[in-house]
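Beneath this line is the structure, given in structure tokens, with notes to follow.
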Amino acid sequence: MTDLAVRAGGQAGDGIASIGETITRCYSRLGWHVFGLNAYQSVIRGGHVWFQARISEDRPYSQGDHADVLYALDKQTVAVHAASLRRGGIVVHDPEKFAVAESELPAGVTALGVPTLEFARKYTNQSILQNAAGMGASAYLGGIPLDLLHEVLRDSFGKKAGDVVDWNLGASTAGYEYAKLHAGASDRAVSKRGAPKLLMTGNSAIALGAAAAGCKFLAQYPMTPASSIMHWMAAHSQALGVVVKQAEDELAAIHMAIGASFGGVRSMTATSGGGFCLMVEALGMAGMTETPLVVVESQRSGPSTGLPTKTEQGDLNLMLGAGQGEFPRAILAPSHPAEAYRATIRAFELAEAWQTPILLASDLHLSENMMTVDREEIPTNIEVPSLFTVEPNGHEYKRYQYTESGVSPRAIPGQPGLQHVAGSDEHDEKGHLVSDVKSGIPIWVTERVRMMDKRMKKLHGIAAATEPPTWEGPAAADLTFVAWGSTIGPIRDARVMLTAQGKKTNLLHFPTVYPLDADRVRTEFAKARRTLLVEANYSGQFGHLLRAETGVHLSERLLKYDGEPFYPHEIVIRALEVLNHGG
């Protein structure tokens with residue numbers, strides 16, 4: 001692929017994310033599609049962090065494999081990332097801080113010493129200003145116009161004005177002009193490609209989708225990588241009329257969301273795997289009371305605290321089995337912010353229509369990395385119909401009435417003539433409890449079976465209402481990738497690379513992980529000649545689910561569980577192994 005990537009690295013607290021986000025915004029405003037990867041540690045200061053902004057002729061769906069410009073704030077960054085630089089790449093560093101020898105760099109890669117600290121001292125004794133100078137040099141080498149860099153910097157400071165803004169503009173200009181003078185004419189000039197793109201993380205897309213779907217209550221306890229959903233909703237709560245509550249823990253958060261939904265308000269909670277573990281008891285209550293609920297589960301490396309700032313797809317089994325007993329649910333798994341926006345809206349529609357919990361499976365790689373989105377990918381004309389259409393009929397209201405679909409008439413609590421019980425115990429059609437003194441008596445044994453059958457009927461309707469497996473690529477392919485969630489991104493990039501090598505591949509993408517239409521899935525797999533399952537977990541959890549639900553066994557696999565995202569070259573290598581050697 002014809003692409004370009006600018007990477008910055010240093011220690012936590014050095015401002016690496018700010019540098020990367022600024023470069024990413026510059027490219028998006030030029031109309032390019034861009035992918036911004038933020039790799040960080042779980043400490044405030046110390047530990048190696050880095051950010052990469054990548055643009056491509058074709059839309060980049062991952063961070064890619066290489067970089068062209070590396071801004072190194074410390075020597076460790078050179079040691080870790082120099083090998084990733086393409087021929088013609090440049091390492092930007094400050095010789096006052098450390099030297100970079102030619103022997104430390106790959107063939108065809110050079111170093112450019114930029115006196116960033118010297119430029120910073122012209123304005124202040126705060127060394128953080130060196131970032132502006134280094135950013136300016138990196139922007140020049142990355143083909144970004146200086147006036148655009150200044151525009152983005154001004155916007156980043158918001159309402160701030162005066163010396164701080166002027167200092168950053170001055171230092172960035174000094175770095176830019178220094179690189180221009182000492183590196184020569186850049187062959188990476190990036191021309192404008194069209195209207196500016198929207199720039200989103202998966203979490204901001206989920207929050208925006210929730211707002212578009214009519215969500216009016218979010219209860220959440222902060223947990224990486226789901227926390228920024230609450231941050232976004234809180235920042236826009238007044239404009240959107242959304243109540244945002246930071247609960248004391250995850251169990252309280254889900255109970256608050258269930259209570260709000262029971263009261264007739266579209267509600268959501270969000271967490272990661274450890275917090276979701278605390279929520280599962282209440283999830284079962286939502287299933288029993290048939291209360292709509294949307295839960296975002298943004299996965300990270302486990303078990304326990306695991307790697308709290310690293311990505312994984314290890315919670316699928318947890319989401320499938322969360323909550324005691326059995327009750328209907330769906331698990332939606334978007335792979336890109338545009339998909340996350342639409343999937344969140346769909347989650348609310350499904351939760352309301354089928355009166356059951358719906359889980360949105362994200363992960364750190366999707367939740368926190370930045371990707372551009374075309375405006376037409378974000379529909380805004382979302383209808384939010386009222387599903388409370390029950391008319392009072394004396395005392396005959398049956399909240400859990402037996403129906404063909406399993407969906408019963410739902411009323412807002414407190415309406416005259418529509419009083420009902422909504423307990424966590426098993427119950428009859430009116431909500432009267434079956435447990436305690438009635439359970440075990442034949443008539444109520446039968447009632448339990450009928451009510452359980454009623455609830456579980458919803459699974460058939462949910463399966464028909466969710467997005468089916470989706471094909472990407474030529475129908476006649478030598479290899480079919482099978483994946484869900486964020487791993488779709490690097491597969492899309494890998495397919496471009498494989499096509500350039502004359503290899504025909506396609507992708508069977510599962511936007512709905514559960515429930516699966518077994519007959520439909522078997523029909524789709526019958527079209528594949530050879531398959532490769534790609535998952536970010538140890539055991540191939542989705543592969544096991546496919547086999548259990550459909551009988552389809554995927555023997556060729558690429559599994560990754562080191563906390564790092566998939567890189568396209570890893571997928572290409574494994575795909576070639578399968579194609580050339582059969583495994």
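Every chain in the structure tokens takes a letter, A first, then B, and so on in the order presented; its residues are numbered from 1, and the ligands are numbered from 1 following the presented order.
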
Please build the interface table for segment 339-376 of chain A against segment 279-285 of chain A with a cut-off of 10 Å, listing for each qualifying residue the nearest atom pair and the distance in Å to one decimal; count only C-alpha atoms, order rows by chain and increasing number, and write it as JSON lines.
{"residue": "A:Thr356", "atom": "CA", "partner": "A:Leu283", "partner_atom": "CA", "distance": 9.4}
{"residue": "A:Pro357", "atom": "CA", "partner": "A:Leu283", "partner_atom": "CA", "distance": 7.2}
{"residue": "A:Ile358", "atom": "CA", "partner": "A:Leu283", "partner_atom": "CA", "distance": 9.9}

Kindly export the residues of the current selection with C-alpha atoms, as a PDB file, in the first residue's frame.
ATOM      1  CA  THR A 356     -33.844  -7.973  27.184  1.00  0.00           C
ATOM      2  CA  PRO A 357     -30.179  -7.071  27.777  1.00  0.00           C
ATOM      3  CA  ILE A 358     -28.072  -6.409  24.686  1.00  0.00           C
TER       4      ILE A 358
END

Per-residue nearest contacts of segment 242-298 of chain A to segment 325-336 of chain A (12 Å; only C-alpha atoms) as a Markdown table:
| residue | atom | partner | partner_atom | distance |
| --- | --- | --- | --- | --- |
| A:Val280 | CA | A:Gly325 | CA | 11.0 |
| A:Glu281 | CA | A:Gly325 | CA | 10.4 |
| A:Leu283 | CA | A:Phe327 | CA | 9.6 |
| A:Gly284 | CA | A:Phe327 | CA | 7.5 |
| A:Met285 | CA | A:Phe327 | CA | 9.8 |
| A:Ala286 | CA | A:Phe327 | CA | 9.3 |
| A:Gly287 | CA | A:Phe327 | CA | 5.6 |
| A:Met288 | CA | A:Phe327 | CA | 7.3 |
| A:Thr289 | CA | A:Phe327 | CA | 10.4 |
| A:Glu290 | CA | A:Phe327 | CA | 9.2 |
| A:Thr291 | CA | A:Pro328 | CA | 11.4 |
| A:Pro292 | CA | A:Arg329 | CA | 10.2 |
| A:Leu293 | CA | A:Arg329 | CA | 9.9 |
| A:Val294 | CA | A:Ala330 | CA | 10.0 |
| A:Val295 | CA | A:Ile331 | CA | 9.7 |
| A:Val296 | CA | A:Leu332 | CA | 9.6 |
| A:Glu297 | CA | A:Ile331 | CA | 9.8 |
| A:Ser298 | CA | A:Ala333 | CA | 10.3 |

Write out, as a compact mmCIF listing (two decimals), in the first residue's frame, the residues just selected, with N, CA and C atoms.
# COMPACT_ATOMS: atom_id res chain seq x y z
N VAL A 280 -22.79 -9.19 36.63
CA VAL A 280 -23.53 -10.32 36.07
C VAL A 280 -24.77 -10.70 36.88
N GLU A 281 -24.73 -10.49 38.20
CA GLU A 281 -25.92 -10.82 39.00
C GLU A 281 -27.11 -9.96 38.57
N LEU A 283 -27.39 -8.48 35.68
CA LEU A 283 -27.76 -8.79 34.30
C LEU A 283 -28.84 -9.85 34.27
N GLY A 284 -28.72 -10.85 35.13
CA GLY A 284 -29.75 -11.88 35.23
C GLY A 284 -31.08 -11.32 35.67
N MET A 285 -31.06 -10.32 36.55
CA MET A 285 -32.31 -9.69 36.99
C MET A 285 -32.98 -8.99 35.81
N ALA A 286 -32.19 -8.31 34.97
CA ALA A 286 -32.77 -7.66 33.79
C ALA A 286 -33.38 -8.70 32.86
N GLY A 287 -32.73 -9.87 32.76
CA GLY A 287 -33.28 -10.94 31.94
C GLY A 287 -34.58 -11.47 32.50
N MET A 288 -34.66 -11.64 33.81
CA MET A 288 -35.88 -12.17 34.43
C MET A 288 -37.03 -11.17 34.38
N THR A 289 -36.74 -9.91 34.64
CA THR A 289 -37.79 -8.89 34.64
C THR A 289 -38.10 -8.37 33.24
N GLU A 290 -37.34 -8.86 32.25
CA GLU A 290 -37.52 -8.46 30.85
C GLU A 290 -37.43 -6.94 30.70
N THR A 291 -36.36 -6.41 31.27
CA THR A 291 -36.12 -4.97 31.23
C THR A 291 -35.06 -4.66 30.17
N PRO A 292 -35.34 -3.77 29.24
CA PRO A 292 -34.34 -3.41 28.23
C PRO A 292 -33.08 -2.84 28.88
N LEU A 293 -31.94 -3.19 28.33
CA LEU A 293 -30.68 -2.70 28.89
C LEU A 293 -29.59 -2.85 27.84
N VAL A 294 -28.76 -1.81 27.69
CA VAL A 294 -27.59 -1.87 26.82
C VAL A 294 -26.35 -1.82 27.71
N VAL A 295 -25.47 -2.80 27.54
CA VAL A 295 -24.22 -2.86 28.30
C VAL A 295 -23.06 -2.90 27.32
N VAL A 296 -22.14 -1.95 27.45
CA VAL A 296 -20.92 -1.94 26.65
C VAL A 296 -19.83 -2.65 27.43
N GLU A 297 -19.22 -3.67 26.82
CA GLU A 297 -18.14 -4.41 27.46
C GLU A 297 -16.89 -4.21 26.60
N SER A 298 -16.02 -3.30 27.03
CA SER A 298 -14.80 -3.01 26.28
C SER A 298 -13.67 -3.85 26.87

Can you pull out the residues contacting Ile412 of chain A? Cut-off 8 Å, using only C-alpha atoms, and skip same-chain residues under 3 positions away; I want them as a compact mmCIF listing (two decimals) with C-alpha atoms, in the first residue's frame.
# COMPACT_ATOMS: atom_id res chain seq x y z
CA PHE A 262 -37.75 0.02 34.17
CA GLY A 263 -39.04 3.57 34.62
CA GLY A 264 -39.25 4.04 30.87
CA PHE A 388 -45.38 1.94 25.64
CA GLN A 415 -49.95 4.12 35.14

Non-local contacts of Ala212 of chain A (12 Å; only C-alpha atoms; under 2 positions in same chain excluded) as an NGL selection string: :A and (205-210 or 214-216 or 233 or 240-242 or 266 or 341-349 or 378-384)

Using only C-alpha atoms, determine which residues lie at most 8 Å from Phe35 of chain A, disregarding the query and same-chain residues fewer than 4 positions distant; provide the list as a CSV table (one decimal) with C-alpha atoms, in the first residue's frame.
chain,number,residue,atom,x,y,z
A,24,THR,CA,-3.8,12.8,13.3
A,52,GLN,CA,1.4,6.5,15.4
A,53,ALA,CA,-0.7,8.4,12.8
A,54,ARG,CA,-1.0,6.6,9.5
A,55,ILE,CA,-2.6,7.6,6.2
A,60,PRO,CA,-6.2,2.4,6.7
A,61,TYR,CA,-8.0,0.1,9.1
A,62,SER,CA,-5.0,-0.5,11.4
A,63,GLN,CA,-1.8,1.1,12.5
A,369,ASN,CA,-7.7,4.4,19.0
A,370,MET,CA,-8.6,7.2,16.6
A,371,MET,CA,-10.1,6.6,13.1
A,372,THR,CA,-11.6,8.9,10.5

Could you state the separation of atom CA of Gly202 of chain A and atom CA of Leu30 of chain A in Å, given to one decimal place?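 Going from atom CA of Gly202 of chain A over to atom CA of Leu30 of chain A, I get 21.5 Å.
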
Looking at A:Glu177, A:Glu535, A:Asp363, A:Asp163, which one is nearest to Ser138 of chain A, with distances taken over only C-alpha atoms? A:Glu177

When distances are computed from only C-alpha atoms, which of A:Ala8, A:Cys26, A:His48, A:Thr116 shows the smallest separation from Val91 of chain A?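 Result for the nearest residue to Val91 of chain A: A:Ala8.
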
Skip Gly431 of chain A itself and residues of its chain fewer than 4 positions away, then list as number ranges by chain all residues within 10 Å of it, counting only C-alpha atoms. A: 289, 397-401, 419-427

With C-alpha atoms kept, could you save the residues just selected as a PDB file, in the first residue's frame?
ATOM      1  CA  THR A 289     -37.792  -8.893  34.639  1.00  0.00           C
ATOM      2  CA  TYR A 397     -52.983  -6.294  32.642  1.00  0.00           C
ATOM      3  CA  LYS A 398     -50.530  -9.116  32.122  1.00  0.00           C
ATOM      4  CA  ARG A 399     -47.023  -7.706  32.085  1.00  0.00           C
ATOM      5  CA  TYR A 400     -45.579 -11.097  31.116  1.00  0.00           C
ATOM      6  CA  GLN A 401     -48.384 -12.251  28.853  1.00  0.00           C
ATOM      7  CA  GLN A 419     -50.023  -2.012  38.056  1.00  0.00           C
ATOM      8  CA  HIS A 420     -47.788  -5.065  38.030  1.00  0.00           C
ATOM      9  CA  VAL A 421     -45.076  -6.862  39.937  1.00  0.00           C
ATOM     10  CA  ALA A 422     -41.583  -7.050  38.437  1.00  0.00           C
ATOM     11  CA  GLY A 423     -39.611  -9.263  40.776  1.00  0.00           C
ATOM     12  CA  SER A 424     -36.402 -11.204  40.287  1.00  0.00           C
ATOM     13  CA  ASP A 425     -38.229 -14.450  41.155  1.00  0.00           C
ATOM     14  CA  GLU A 426     -39.991 -16.582  38.595  1.00  0.00           C
ATOM     15  CA  HIS A 427     -43.561 -15.375  38.067  1.00  0.00           C
TER      16      HIS A 427
END

If we count only C-alpha atoms and set the cut-off at 8 Å, which residues sit around Gly134 of chain A, ignoring sequence neighbours fewer than 6 positions away in its own chain? Please answer as a list in words.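 Counting only the stated atoms, we get Tyr71, Val92, His93, Val114, Thr116, Ser172 and Gly175 of chain A.
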
Find the distance between atom CA of Ala183 of chain A and atom CA of Gly136 of chain A and write it in Å to one decimal.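 Separation of atom CA of Ala183 of chain A and atom CA of Gly136 of chain A: 13.0 Å.
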
Choose the residue, out of A:Asp94, A:Asp374, A:Asp478, A:Glu570, that has the smallest atom-to-atom separation from Lys503 of chain A; count only C-alpha atoms. A:Asp478

Atomic separation - atom CA of Glu339 of chain A relative to atom CA of Leu359 of chain A, Å: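 Between atom CA of Leu359 of chain A and atom CA of Glu339 of chain A the gap works out to 14.7 Å.
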
Give the helix (DSSP H, G or I) residues of segment 311-473 of chain A, as DSSP finds them on the backbone, and put them as number ranges by chain. A: 316-321, 337-354, 364-368, 375-377, 442-465
